[in-house]
Amino acid sequence: MSIQHNLAEIHQQITYHCQQADRTLGSVKLLAVSKTKPFSAIAEAVAAGQTAFGENYVQEGVEKIQYFQSQNIPLEWHFIGPLQSNKSRLVAEHFDWIETVDRLKIAERLSQQRPTALAPLNVLIQINISNESSKSGIMPNALLPLATQIAALPNLRLRGLMAIAQDSDDPSVQQQAFSRMQQLFQQLRLALPEQQIDTLSLGMSGDMAMAIKCGSTQVRIGSAIFGARS
Ligand SMILES: *Cc1c(COP(=O)(O)O)cnc(C)c1O
């Protein structure tokens, strides 16, 4: 199937799940996860109207960002992989969003390194919602202290939360994790009312329905758009 076809299918699914959950159409954004995929695949998605892309590897992401900038194609780029301190400058200088902030030190570096000529870097704090040692992200009880400190950094804009749920086909396992995220998101909004907290990044190809039911405002979809990664 073509990328164009896949994108249309996913938009239909998002619409369907919004209707099922009694949510406003258009309240869930689609982030196309293009890691390991070539420029040509991204260009096909762009031709089909997709404008927001997620990348996991810094160097690969920067090459793609620079390529599309050189073509005068404005896109929105989200960094969604684990970030090492020594790569933070590249993220600060090139991306629009980072969804995986999980410690103050990296947030401080990103704020210092963000060029002031650019808009503030949009930040999501990653929560380790299923408490898996293999996943990054903070424990839920560490959220408010970290969020308060990040909100005070000048060149960042705290926008919300991100999580990767434990891989499970069991709806009750998915629901438990995602409902907890929805609660945390509400707590964050109440705790920092002056911040523009509007983004809850939850849901991938396998758990998108439950994520939307639990208030996700952004699903991150890779293989269902671009095909399996080799
Ligand atoms: C790879 C990745 C995705 C997309 O996963 P698919 O299973 O290909 O849809 C979403 N979020 C994160 C953080 C990822 O690393």
# chains A, B, ... in the order shown; residues from 1 in each chain; ligands from 1
call {"tool": "residues_near_ligand", "arguments": {"ligand": "ligand 1", "cutoff": "7 Å", "atoms": "only C-alpha atoms and all ligand atoms", "output": "PyMOL selection string"}}
result
chain A and resi 33+35+56+80-81+164+204-206+220-224
call {"tool": "residues_around", "arguments": {"residues": "A:Ile14", "least_positions_apart": "6", "cutoff": "12 Å", "atoms": "only C-alpha atoms", "output": "ChimeraX atom specification"}}
result
/A:7-8,20-21,23-31,203-205,207-213,216-221
call {"tool": "closest_residue", "arguments": {"among": "A:Pro120, A:Pro171, A:Gly215, A:Gly49", "to": "A:Asp198", "atoms": "only C-alpha atoms"}}
result
A:Gly215
call {"tool": "residues_around", "arguments": {"residues": "A:Gln66", "least_positions_apart": "5", "cutoff": "12 Å", "atoms": "only C-alpha atoms", "output": "ChimeraX atom specification"}}
result
/A:39,59-61,71-75,77,90,93-95
call {"tool": "write_last_selection", "arguments": {"atoms": "C-alpha atoms", "output": "CSV table (one decimal), in the first residue's frame"}}
result
chain,number,residue,atom,x,y,z
A,39,PHE,CA,13.8,11.4,2.4
A,59,GLN,CA,22.1,12.9,13.3
A,60,GLU,CA,19.6,11.2,11.0
A,61,GLY,CA,16.9,13.7,12.0
A,71,GLN,CA,13.9,22.5,-0.5
A,72,ASN,CA,11.9,25.4,1.3
A,73,ILE,CA,9.4,22.9,2.6
A,74,PRO,CA,8.5,24.0,6.2
A,75,LEU,CA,7.8,21.0,8.4
A,77,TRP,CA,10.1,18.1,13.6
A,90,LEU,CA,21.9,19.5,17.7
A,93,GLU,CA,19.4,24.0,17.1
A,94,HIS,CA,17.3,22.1,14.7
A,95,PHE,CA,14.1,20.5,16.2
call {"tool": "residues_around", "arguments": {"residues": "stretch 1-5 of chain A", "least_positions_apart": "6", "cutoff": "9 Å", "atoms": "only C-alpha atoms", "output": "PyMOL selection string"}}
result
chain A and resi 41+44-45+47-49+224-227
call {"tool": "closest_atom_pairs", "arguments": {"of": "stretch 153-219 of chain A", "to": "stretch 125-141 of chain A", "cutoff": "10 Å", "atoms": "only C-alpha atoms", "output": "Markdown table"}}
result
| residue | atom | partner | partner_atom | distance |
| --- | --- | --- | --- | --- |
| A:Leu158 | CA | A:Ile125 | CA | 8.1 |
| A:Arg159 | CA | A:Ile125 | CA | 8.5 |
| A:Gly160 | CA | A:Ile125 | CA | 6.5 |
| A:Leu161 | CA | A:Ile125 | CA | 4.8 |
| A:Met162 | CA | A:Gln126 | CA | 4.7 |
| A:Ala163 | CA | A:Ile127 | CA | 5.3 |
| A:Ile164 | CA | A:Ile129 | CA | 7.3 |
| A:Ala165 | CA | A:Ser130 | CA | 6.1 |
| A:Gln166 | CA | A:Ser130 | CA | 5.7 |
| A:Asp167 | CA | A:Ser130 | CA | 9.5 |
| A:Val173 | CA | A:Ser130 | CA | 9.3 |
| A:Gln174 | CA | A:Ser130 | CA | 9.4 |
| A:Gln176 | CA | A:Ser130 | CA | 9.1 |
| A:Ala177 | CA | A:Ile129 | CA | 6.0 |
| A:Phe178 | CA | A:Ile129 | CA | 8.1 |
| A:Arg180 | CA | A:Ile129 | CA | 7.7 |
| A:Met181 | CA | A:Ile129 | CA | 7.3 |
| A:Leu184 | CA | A:Pro140 | CA | 7.4 |
| A:Leu200 | CA | A:Ile125 | CA | 9.8 |
| A:Ser201 | CA | A:Gln126 | CA | 9.2 |
call {"tool": "write_last_selection", "arguments": {"atoms": "N, CA, C and O atoms", "output": "compact mmCIF listing (two decimals), in the first residue's frame"}}
result
# COMPACT_ATOMS: atom_id res chain seq x y z
N LEU A 158 7.21 24.35 28.04
CA LEU A 158 6.66 23.07 28.48
C LEU A 158 5.24 22.92 27.94
O LEU A 158 4.38 23.76 28.19
N ARG A 159 5.00 21.85 27.19
CA ARG A 159 3.69 21.66 26.54
C ARG A 159 2.92 20.46 27.05
O ARG A 159 1.74 20.31 26.73
N GLY A 160 3.60 19.53 27.78
CA GLY A 160 2.82 18.40 28.27
C GLY A 160 3.65 17.16 28.51
O GLY A 160 4.82 17.26 28.91
N LEU A 161 3.03 16.02 28.25
CA LEU A 161 3.61 14.73 28.64
C LEU A 161 3.61 13.74 27.48
O LEU A 161 2.78 13.80 26.58
N MET A 162 4.54 12.80 27.58
CA MET A 162 4.63 11.71 26.61
C MET A 162 4.88 10.41 27.36
O MET A 162 5.54 10.41 28.40
N ALA A 163 4.32 9.31 26.85
CA ALA A 163 4.65 8.00 27.40
C ALA A 163 4.56 6.94 26.32
O ALA A 163 3.82 7.09 25.34
N ILE A 164 5.34 5.91 26.54
CA ILE A 164 5.26 4.70 25.70
C ILE A 164 4.74 3.61 26.63
O ILE A 164 5.39 3.29 27.63
N ALA A 165 3.56 3.09 26.35
CA ALA A 165 3.00 2.08 27.25
C ALA A 165 3.70 0.74 27.02
O ALA A 165 4.23 0.48 25.95
N GLN A 166 3.65 -0.05 28.04
CA GLN A 166 4.13 -1.43 27.94
C GLN A 166 3.42 -2.10 26.77
O GLN A 166 2.23 -1.90 26.56
N ASP A 167 4.16 -2.89 26.00
CA ASP A 167 3.60 -3.54 24.83
C ASP A 167 2.59 -4.59 25.29
O ASP A 167 2.96 -5.57 25.93
N VAL A 173 -4.80 -3.54 30.44
CA VAL A 173 -3.42 -3.10 30.74
C VAL A 173 -3.16 -1.74 30.09
O VAL A 173 -2.61 -0.82 30.70
N GLN A 174 -3.59 -1.60 28.85
CA GLN A 174 -3.43 -0.31 28.16
C GLN A 174 -4.20 0.79 28.89
O GLN A 174 -3.69 1.89 29.11
N GLN A 176 -5.14 1.03 32.00
CA GLN A 176 -4.58 1.40 33.28
C GLN A 176 -3.47 2.44 33.10
O GLN A 176 -3.42 3.46 33.78
N ALA A 177 -2.56 2.16 32.16
CA ALA A 177 -1.43 3.07 31.94
C ALA A 177 -1.92 4.41 31.39
O ALA A 177 -1.51 5.48 31.86
N PHE A 178 -2.80 4.37 30.42
CA PHE A 178 -3.21 5.61 29.76
C PHE A 178 -4.11 6.46 30.66
O PHE A 178 -4.06 7.70 30.60
N ARG A 180 -3.85 6.66 33.85
CA ARG A 180 -2.92 7.30 34.79
C ARG A 180 -2.28 8.52 34.13
O ARG A 180 -2.10 9.56 34.75
N MET A 181 -1.93 8.38 32.85
CA MET A 181 -1.35 9.52 32.12
C MET A 181 -2.34 10.67 32.02
O MET A 181 -1.97 11.84 32.14
N LEU A 184 -2.34 12.46 35.30
CA LEU A 184 -1.12 13.26 35.48
C LEU A 184 -1.19 14.53 34.64
O LEU A 184 -0.76 15.61 35.07
N LEU A 200 -0.73 15.79 25.06
CA LEU A 200 -0.56 14.49 25.71
C LEU A 200 -0.24 13.50 24.60
O LEU A 200 -1.12 13.11 23.82
N SER A 201 1.05 13.15 24.48
CA SER A 201 1.52 12.30 23.37
C SER A 201 1.47 10.84 23.79
O SER A 201 2.32 10.36 24.52
call {"tool": "select_by_dssp", "arguments": {"residues": "stretch 25-197 of chain A", "states": "strand (DSSP E)", "output": "ChimeraX atom specification"}}
result
/A:29-33,52-55,76-79,97-101,121-127,156-163
call {"tool": "residues_around", "arguments": {"residues": "A:Ser88", "least_positions_apart": "3", "cutoff": "8 Å", "atoms": "only C-alpha atoms", "output": "list in words"}}
result
Leu83, Gln84, Ser85, Val91, Ala92, Ile106, Arg109, Leu110 and Gln113 of chain A
call {"tool": "write_last_selection", "arguments": {"atoms": "C-alpha atoms", "output": "PDB file, in the first residue's frame"}}
result
ATOM      1  CA  LEU A  83      18.847  11.990  24.191  1.00  0.00           C
ATOM      2  CA  GLN A  84      22.439  11.937  25.400  1.00  0.00           C
ATOM      3  CA  SER A  85      23.835  15.190  26.750  1.00  0.00           C
ATOM      4  CA  VAL A  91      18.392  18.978  19.013  1.00  0.00           C
ATOM      5  CA  ALA A  92      18.265  22.517  20.423  1.00  0.00           C
ATOM      6  CA  ILE A 106      19.272  17.978  29.855  1.00  0.00           C
ATOM      7  CA  ARG A 109      21.383  22.368  28.387  1.00  0.00           C
ATOM      8  CA  LEU A 110      18.618  22.536  25.781  1.00  0.00           C
ATOM      9  CA  GLN A 113      21.723  25.886  23.573  1.00  0.00           C
TER      10      GLN A 113
END
call {"tool": "closest_residue", "arguments": {"among": "A:Ile98, A:Phe185, A:Leu202, A:Ser111", "to": "A:Ala152", "atoms": "only C-alpha atoms"}}
result
A:Ser111
call {"tool": "closest_residue", "arguments": {"among": "A:Gln112, A:Ser34, A:Asn86, A:Thr51", "to": "A:Lys64", "atoms": "only C-alpha atoms"}}
result
A:Ser34
call {"tool": "atom_distance", "arguments": {"atom1": "atom CA of A:Lys87", "atom2": "atom CA of A:Asn155"}}
result
17.3 Å
